>>> print(open('structure06.cif').read())   # mmCIF, C-alpha atoms
data_run
#
loop_
_atom_site.group_PDB
_atom_site.id
_atom_site.type_symbol
_atom_site.label_atom_id
_atom_site.label_comp_id
_atom_site.auth_asym_id
_atom_site.auth_seq_id
_atom_site.Cartn_x
_atom_site.Cartn_y
_atom_site.Cartn_z
ATOM 1 C CA MET A 1 0.000 0.000 0.000
ATOM 2 C CA ALA A 2 1.189 3.467 -0.868
ATOM 3 C CA GLN A 3 0.899 6.479 1.421
ATOM 4 C CA VAL A 4 0.315 10.020 0.209
ATOM 5 C CA PRO A 5 0.994 13.063 2.416
ATOM 6 C CA ILE A 6 -1.805 15.617 2.135
ATOM 7 C CA THR A 7 -1.675 19.077 3.689
ATOM 8 C CA LEU A 8 -5.035 20.624 4.426
ATOM 9 C CA ASN A 9 -5.538 23.836 6.383
ATOM 10 C CA ASN A 10 -1.909 23.781 7.602
ATOM 11 C CA ARG A 11 -2.170 20.190 8.865
ATOM 12 C CA THR A 12 -0.529 17.222 7.161
ATOM 13 C CA TYR A 13 -2.306 13.898 6.921
ATOM 14 C CA ARG A 14 -0.997 10.621 5.496
ATOM 15 C CA LEU A 15 -3.596 8.700 3.528
ATOM 16 C CA ALA A 16 -3.123 5.145 2.312
ATOM 17 C CA CYS A 17 -4.132 4.047 -1.168
ATOM 18 C CA ASN A 18 -3.508 1.152 -3.533
ATOM 19 C CA ASP A 19 -0.295 1.202 -5.521
ATOM 20 C CA GLY A 20 -0.735 3.264 -8.688
ATOM 21 C CA GLU A 21 -3.502 5.453 -7.223
ATOM 22 C CA GLU A 22 -1.175 8.038 -5.688
ATOM 23 C CA LYS A 23 -1.588 10.636 -8.460
ATOM 24 C CA ARG A 24 -5.371 10.444 -8.365
ATOM 25 C CA LEU A 25 -5.477 10.703 -4.574
ATOM 26 C CA ALA A 26 -3.117 13.697 -4.672
ATOM 27 C CA ALA A 27 -5.287 15.379 -7.353
ATOM 28 C CA LEU A 28 -8.460 14.765 -5.336
ATOM 29 C CA ALA A 29 -6.789 16.137 -2.219
ATOM 30 C CA GLN A 30 -5.663 19.207 -4.176
ATOM 31 C CA ASP A 31 -9.276 19.823 -5.234
ATOM 32 C CA VAL A 32 -10.481 19.551 -1.624
ATOM 33 C CA LYS A 33 -7.624 21.799 -0.495
ATOM 34 C CA GLY A 34 -8.673 24.465 -3.011
ATOM 35 C CA ARG A 35 -12.247 24.331 -1.772
ATOM 36 C CA VAL A 36 -11.182 24.556 1.882
ATOM 37 C CA GLU A 37 -8.914 27.534 1.127
ATOM 38 C CA LYS A 38 -11.733 29.283 -0.748
ATOM 39 C CA LEU A 39 -14.096 28.755 2.184
ATOM 40 C CA ALA A 40 -11.448 30.052 4.601
ATOM 41 C CA ARG A 41 -11.068 33.214 2.485
ATOM 42 C CA GLU A 42 -14.840 33.736 2.308
ATOM 43 C CA PHE A 43 -15.762 32.946 5.913
ATOM 44 C CA GLY A 44 -12.586 33.586 7.853
ATOM 45 C CA GLN A 45 -10.772 30.785 9.611
ATOM 46 C CA PRO A 46 -13.389 28.731 11.471
ATOM 47 C CA ALA A 47 -12.365 25.610 13.378
ATOM 48 C CA ASP A 48 -10.878 22.822 11.244
ATOM 49 C CA GLU A 49 -13.843 20.538 11.783
ATOM 50 C CA ARG A 50 -16.337 23.205 10.737
ATOM 51 C CA LEU A 51 -14.288 24.164 7.668
ATOM 52 C CA LEU A 52 -13.972 20.539 6.566
ATOM 53 C CA LEU A 53 -17.683 19.982 7.191
ATOM 54 C CA MET A 54 -18.534 22.987 4.999
ATOM 55 C CA ALA A 55 -16.280 21.647 2.213
ATOM 56 C CA ALA A 56 -17.854 18.190 2.536
ATOM 57 C CA VAL A 57 -21.378 19.637 2.307
ATOM 58 C CA LEU A 58 -20.435 21.635 -0.811
ATOM 59 C CA LEU A 59 -18.961 18.508 -2.417
ATOM 60 C CA ALA A 60 -22.070 16.511 -1.503
ATOM 61 C CA ASP A 61 -24.242 19.253 -3.047
ATOM 62 C CA GLU A 62 -22.281 19.095 -6.315
ATOM 63 C CA LEU A 63 -22.494 15.310 -6.319
ATOM 64 C CA TRP A 64 -26.248 15.493 -5.713
ATOM 65 C CA ASP A 65 -26.684 17.865 -8.680
ATOM 66 C CA LEU A 66 -24.581 15.586 -10.895
ATOM 67 C CA ARG A 67 -26.633 12.552 -9.889
ATOM 68 C CA GLU A 68 -29.884 14.379 -10.673
ATOM 69 C CA ALA A 69 -28.540 15.457 -14.072
ATOM 70 C CA TYR A 70 -27.254 11.945 -14.754
ATOM 71 C CA ASP A 71 -30.618 10.407 -13.791
ATOM 72 C CA ALA A 72 -32.449 12.907 -16.020
ATOM 73 C CA MET A 73 -30.103 12.101 -18.906
ATOM 74 C CA LEU A 74 -30.655 8.360 -18.424
ATOM 75 C CA ALA A 75 -34.432 8.867 -18.309
ATOM 76 C CA ALA A 76 -34.302 10.917 -21.521
ATOM 77 C CA ALA A 77 -32.147 8.269 -23.202
ATOM 78 C CA ALA A 78 -34.589 5.568 -22.085
ATOM 79 C CA ASP A 79 -37.476 7.584 -23.569
ATOM 80 C CA VAL A 80 -35.613 7.905 -26.877
ATOM 81 C CA LEU A 81 -34.864 4.183 -26.925
ATOM 82 C CA ARG A 82 -38.480 3.322 -26.055
ATOM 83 C CA GLU A 83 -39.751 5.596 -28.827
ATOM 84 C CA ALA A 84 -37.255 4.180 -31.305
ATOM 85 C CA ALA A 85 -38.236 0.639 -30.345
ATOM 86 C CA GLN A 86 -41.912 1.496 -30.918
ATOM 87 C CA ASP A 87 -41.004 2.945 -34.329
ATOM 88 C CA HIS A 88 -39.085 -0.236 -35.099
ATOM 89 C CA VAL A 89 -42.026 -2.463 -34.112
ATOM 90 C CA SER A 90 -44.585 -0.385 -36.029
ATOM 91 C CA ALA A 91 -42.476 -0.279 -39.218
ATOM 92 C CA PRO A 92 -40.868 -3.651 -40.044
ATOM 93 C CA ALA A 93 -37.336 -3.359 -41.379
ATOM 94 C CA GLN A 94 -36.751 -3.743 -45.089
ATOM 95 C CA PRO A 95 -33.775 -5.845 -46.193
ATOM 96 C CA GLY A 96 -30.836 -3.503 -46.748
ATOM 97 C CA ALA A 97 -32.596 -0.635 -44.921
ATOM 98 C CA PRO A 98 -30.533 1.619 -42.647
ATOM 99 C CA ALA A 99 -30.282 0.665 -38.972
ATOM 100 C CA SER A 100 -33.267 1.556 -36.811
ATOM 101 C CA LYS A 101 -33.180 4.516 -34.433
ATOM 102 C CA ALA A 102 -32.966 2.118 -31.483
ATOM 103 C CA GLN A 103 -29.992 0.274 -32.965
ATOM 104 C CA ARG A 104 -28.191 3.527 -33.746
ATOM 105 C CA ALA A 105 -28.919 5.005 -30.297
ATOM 106 C CA THR A 106 -27.881 1.819 -28.507
ATOM 107 C CA GLY A 107 -24.696 1.555 -30.542
ATOM 108 C CA HIS A 108 -23.844 5.200 -29.926
ATOM 109 C CA ALA A 109 -24.567 5.070 -26.191
ATOM 110 C CA SER A 110 -22.511 1.911 -25.673
ATOM 111 C CA ASN A 111 -19.466 3.595 -27.233
ATOM 112 C CA LEU A 112 -19.531 6.640 -24.927
ATOM 113 C CA PRO A 113 -16.805 6.705 -22.290
ATOM 114 C CA GLN A 114 -17.966 7.210 -18.700
ATOM 115 C CA SER A 115 -16.162 10.567 -18.534
ATOM 116 C CA GLN A 116 -18.156 11.851 -21.523
ATOM 117 C CA ILE A 117 -21.413 10.738 -19.906
ATOM 118 C CA HIS A 118 -20.495 12.683 -16.759
ATOM 119 C CA GLN A 119 -19.521 15.729 -18.873
ATOM 120 C CA MET A 120 -22.882 15.536 -20.659
ATOM 121 C CA ALA A 121 -24.617 15.467 -17.291
ATOM 122 C CA VAL A 122 -22.750 18.561 -16.149
ATOM 123 C CA SER A 123 -22.980 20.487 -19.436
ATOM 124 C CA PRO A 124 -25.927 19.355 -21.537
ATOM 125 C CA ALA A 125 -25.607 19.851 -25.279
ATOM 126 C CA PRO A 126 -27.078 23.121 -26.565
ATOM 127 C CA LEU A 127 -30.326 23.066 -28.491
ATOM 128 C CA PRO A 128 -29.998 23.057 -32.287
ATOM 129 C CA PRO A 129 -30.139 26.480 -33.964
ATOM 130 C CA ALA A 130 -33.523 27.850 -34.985
ATOM 131 C CA ASN A 131 -32.741 27.273 -38.661
ATOM 132 C CA SER A 132 -32.197 23.540 -38.273
ATOM 133 C CA GLY A 133 -34.341 20.750 -39.573
ATOM 134 C CA SER A 134 -36.024 18.079 -37.501
ATOM 135 C CA ASP A 135 -32.845 16.016 -37.767
ATOM 136 C CA GLY A 136 -30.871 18.814 -36.044
ATOM 137 C CA LYS A 137 -28.853 19.623 -39.159
ATOM 138 C CA ILE A 138 -28.469 23.249 -40.195
ATOM 139 C CA ASP A 139 -30.675 24.409 -43.072
ATOM 140 C CA LYS A 140 -27.860 25.364 -45.435
ATOM 141 C CA ASN A 141 -30.164 27.496 -47.569
ATOM 142 C CA GLY A 142 -30.952 29.591 -44.518
ATOM 143 C CA ASP A 143 -34.428 30.112 -45.900
ATOM 144 C CA GLY A 144 -36.225 28.067 -43.244
ATOM 145 C CA ARG A 145 -37.777 25.790 -45.837
ATOM 146 C CA GLY A 146 -36.162 22.581 -44.640
ATOM 147 C CA LYS A 147 -34.025 20.433 -46.892
ATOM 148 C CA GLN A 148 -34.338 18.526 -50.121
ATOM 149 C CA GLY A 149 -34.866 14.794 -49.915
ATOM 150 C CA PRO A 150 -32.870 12.255 -51.929
ATOM 151 C CA ASP A 151 -35.590 12.240 -54.610
ATOM 152 C CA GLY A 152 -35.547 16.047 -54.893
ATOM 153 C CA SER A 153 -38.785 16.511 -52.934
ATOM 154 C CA GLN A 154 -38.967 19.211 -50.293
ATOM 155 C CA GLN A 155 -38.697 17.879 -46.715
ATOM 156 C CA MET A 156 -39.932 20.136 -43.987
ATOM 157 C CA GLY A 157 -37.777 20.842 -40.938
ATOM 158 C CA ALA A 158 -38.827 21.899 -37.467
ATOM 159 C CA GLY A 159 -40.516 25.281 -37.416
ATOM 160 C CA THR A 160 -41.773 25.108 -40.988
ATOM 161 C CA SER A 161 -45.277 24.728 -42.328
ATOM 162 C CA SER A 162 -46.459 22.600 -45.227
ATOM 163 C CA ALA A 163 -46.351 25.701 -47.429
ATOM 164 C CA GLY A 164 -42.598 25.873 -46.877
ATOM 165 C CA THR A 165 -42.676 29.096 -44.932
ATOM 166 C CA ALA A 166 -41.256 29.729 -41.523
ATOM 167 C CA GLY A 167 -43.358 28.476 -38.620
ATOM 168 C CA PRO A 168 -44.617 30.696 -35.819
ATOM 169 C CA ALA A 169 -43.593 34.274 -36.435
ATOM 170 C CA THR A 170 -41.203 36.101 -34.175
ATOM 171 C CA PRO A 171 -42.990 38.983 -32.432
ATOM 172 C CA VAL A 172 -42.205 42.374 -33.949
ATOM 173 C CA ALA A 173 -43.230 45.920 -33.097
ATOM 174 C CA ASP A 174 -46.639 47.017 -34.384
ATOM 175 C CA PRO A 175 -46.465 49.217 -37.488
ATOM 176 C CA PRO A 176 -47.334 52.881 -36.941
ATOM 177 C CA ALA A 177 -51.018 53.738 -37.415
ATOM 178 C CA ARG A 178 -52.027 55.265 -40.751
ATOM 179 C CA GLY A 179 -51.957 59.000 -40.954
ATOM 180 C CA LYS A 180 -49.788 59.359 -37.847
ATOM 181 C CA SER A 181 -46.207 60.353 -38.161
ATOM 182 C CA SER A 182 -43.620 58.498 -36.126
ATOM 183 C CA ALA A 183 -41.241 61.469 -36.304
ATOM 184 C CA ALA A 184 -41.274 63.828 -33.357
#
>>> encode(input="structure06.cif", output="structure tokens")
Amino acid sequence: MAQVPITLNNRTYRLACNDGEEKRLAALAQDVKGRVEKLAREFGQPADERLLLMAAVLLADELWDLREAYDAMLAAAADVLREAAQDHVSAPAQPGAPASKAQRATGHASNLPQSQIHQMAVSPAPLPPANSGSDGKIDKNGDGRGKQGPDGSQQMGAGTSSAGTAGPATPVADPPARGKSSAA
């Protein structure tokens, strides 16, 4: 077993860890040390026990938030997989057809490293831009009319109507009333 000296709030502690885990333990201790020092700057120098308790509660709060975000992400992924599975059941696969949504989502999710899953929980991906289609891809024409399908037909994206015009209008100022001048 390896031992790592850790100095926290001017006191040195020796913590044991498995061989090869010394760098990680030192990095974790450095993170805790930074938090303790920040608390000491903000609240003065309370007793060691109180300062360490405050740091522990802050860490627990962050962990709680991460768990909630992770659970929400897993629930959303489960909803997507359930929906994709229903699509797959309702539309039997054609020989040579592209993989179903469920197969693609499952394959993609199984290839994600744990660190990326945690990063996604902390910083969710931004929503697609307003001029994107239902598949999340940018409307390269920029005209809000969706994209062309492989057969040349017009495919409508999110926020477009069947007439090919932009969906709900963005609120604008009312035009000036007739006969009234807007100049002062």
>>> atom_distance(input="structure06.cif", atom1="CA of Glu49 (chain A)", atom2="CA of Leu66 (chain A)")
25.6 Å
>>> closest_residue(input="structure06.cif", among="A:Ile6, A:Asn18, A:Asp71, A:Leu81", to="Asp31 (chain A)", atoms="all atoms listed in the file")
A:Ile6
>>> residues_around(input="structure06.cif", residues="region 38-42 of chain A", least_positions_apart="5", cutoff="8 Å", atoms="all atoms listed in the file", output="PDB file with C-alpha atoms, in the frame of the given file")
ATOM      1  CA  LEU A  51     -14.288  24.164   7.668  1.00  0.00           C
ATOM      2  CA  MET A  54     -18.534  22.987   4.999  1.00  0.00           C
ATOM      3  CA  ALA A  55     -16.280  21.647   2.213  1.00  0.00           C
TER       4      ALA A  55
END
>>> residues_around(input="structure06.cif", residues="Lys33 (chain A)", least_positions_apart="3", cutoff="10 Å", atoms="all atoms listed in the file", output="count of residues only")
14
>>> atom_distance(input="structure06.cif", atom1="CA of Leu25 (chain A)", atom2="CA of Thr12 (chain A)")
14.3 Å
>>> axis_aligned_box(input="structure06.cif", around="region 75-92 of chain A", padding_each_side="6 Å", output="JSON")
{"center_x": -38.4, "center_y": 3.6, "center_z": -29.2, "size_x": 24.4, "size_y": 26.6, "size_z": 33.7}
>>> atom_distance(input="structure06.cif", atom1="CA of Leu58 (chain A)", atom2="CA of Val32 (chain A)")
10.2 Å
>>> residues_around(input="structure06.cif", residues="Arg14 (chain A)", least_positions_apart="6", cutoff="8 Å", atoms="all atoms listed in the file", output="list in words")
Gln3, Val4, Pro5 and Ile6 of chain A
>>> build_atoms(input="structure06.cif", residues="region 58-69 of chain A", atoms="N, CA and C atoms", output="mmCIF file, in the coordinates of the input")
data_model
loop_
_atom_site.group_PDB
_atom_site.id
_atom_site.type_symbol
_atom_site.label_atom_id
_atom_site.label_comp_id
_atom_site.auth_asym_id
_atom_site.auth_seq_id
_atom_site.Cartn_x
_atom_site.Cartn_y
_atom_site.Cartn_z
ATOM 1 N N LEU A 58 -20.487 21.090 0.552
ATOM 2 C CA LEU A 58 -20.435 21.635 -0.811
ATOM 3 C C LEU A 58 -20.162 20.535 -1.830
ATOM 4 N N LEU A 59 -19.243 19.631 -1.519
ATOM 5 C CA LEU A 59 -18.961 18.508 -2.417
ATOM 6 C C LEU A 59 -20.184 17.602 -2.562
ATOM 7 N N ALA A 60 -20.865 17.339 -1.456
ATOM 8 C CA ALA A 60 -22.070 16.511 -1.503
ATOM 9 C C ALA A 60 -23.152 17.183 -2.348
ATOM 10 N N ASP A 61 -23.267 18.506 -2.254
ATOM 11 C CA ASP A 61 -24.242 19.253 -3.047
ATOM 12 C C ASP A 61 -23.936 19.118 -4.538
ATOM 13 N N GLU A 62 -22.673 19.265 -4.908
ATOM 14 C CA GLU A 62 -22.281 19.095 -6.315
ATOM 15 C C GLU A 62 -22.576 17.681 -6.786
ATOM 16 N N LEU A 63 -22.245 16.704 -5.966
ATOM 17 C CA LEU A 63 -22.494 15.310 -6.319
ATOM 18 C C LEU A 63 -23.987 15.060 -6.492
ATOM 19 N N TRP A 64 -24.790 15.629 -5.629
ATOM 20 C CA TRP A 64 -26.248 15.493 -5.713
ATOM 21 C C TRP A 64 -26.751 16.042 -7.056
ATOM 22 N N ASP A 65 -26.278 17.256 -7.410
ATOM 23 C CA ASP A 65 -26.684 17.865 -8.680
ATOM 24 C C ASP A 65 -26.268 16.999 -9.864
ATOM 25 N N LEU A 66 -25.053 16.452 -9.814
ATOM 26 C CA LEU A 66 -24.581 15.586 -10.895
ATOM 27 C C LEU A 66 -25.430 14.323 -11.000
ATOM 28 N N ARG A 67 -25.790 13.753 -9.864
ATOM 29 C CA ARG A 67 -26.633 12.552 -9.889
ATOM 30 C C ARG A 67 -28.000 12.861 -10.486
ATOM 31 N N GLU A 68 -28.582 14.004 -10.110
ATOM 32 C CA GLU A 68 -29.884 14.379 -10.673
ATOM 33 C C GLU A 68 -29.781 14.572 -12.183
ATOM 34 N N ALA A 69 -28.733 15.244 -12.636
ATOM 35 C CA ALA A 69 -28.540 15.457 -14.072
ATOM 36 C C ALA A 69 -28.311 14.129 -14.786
#
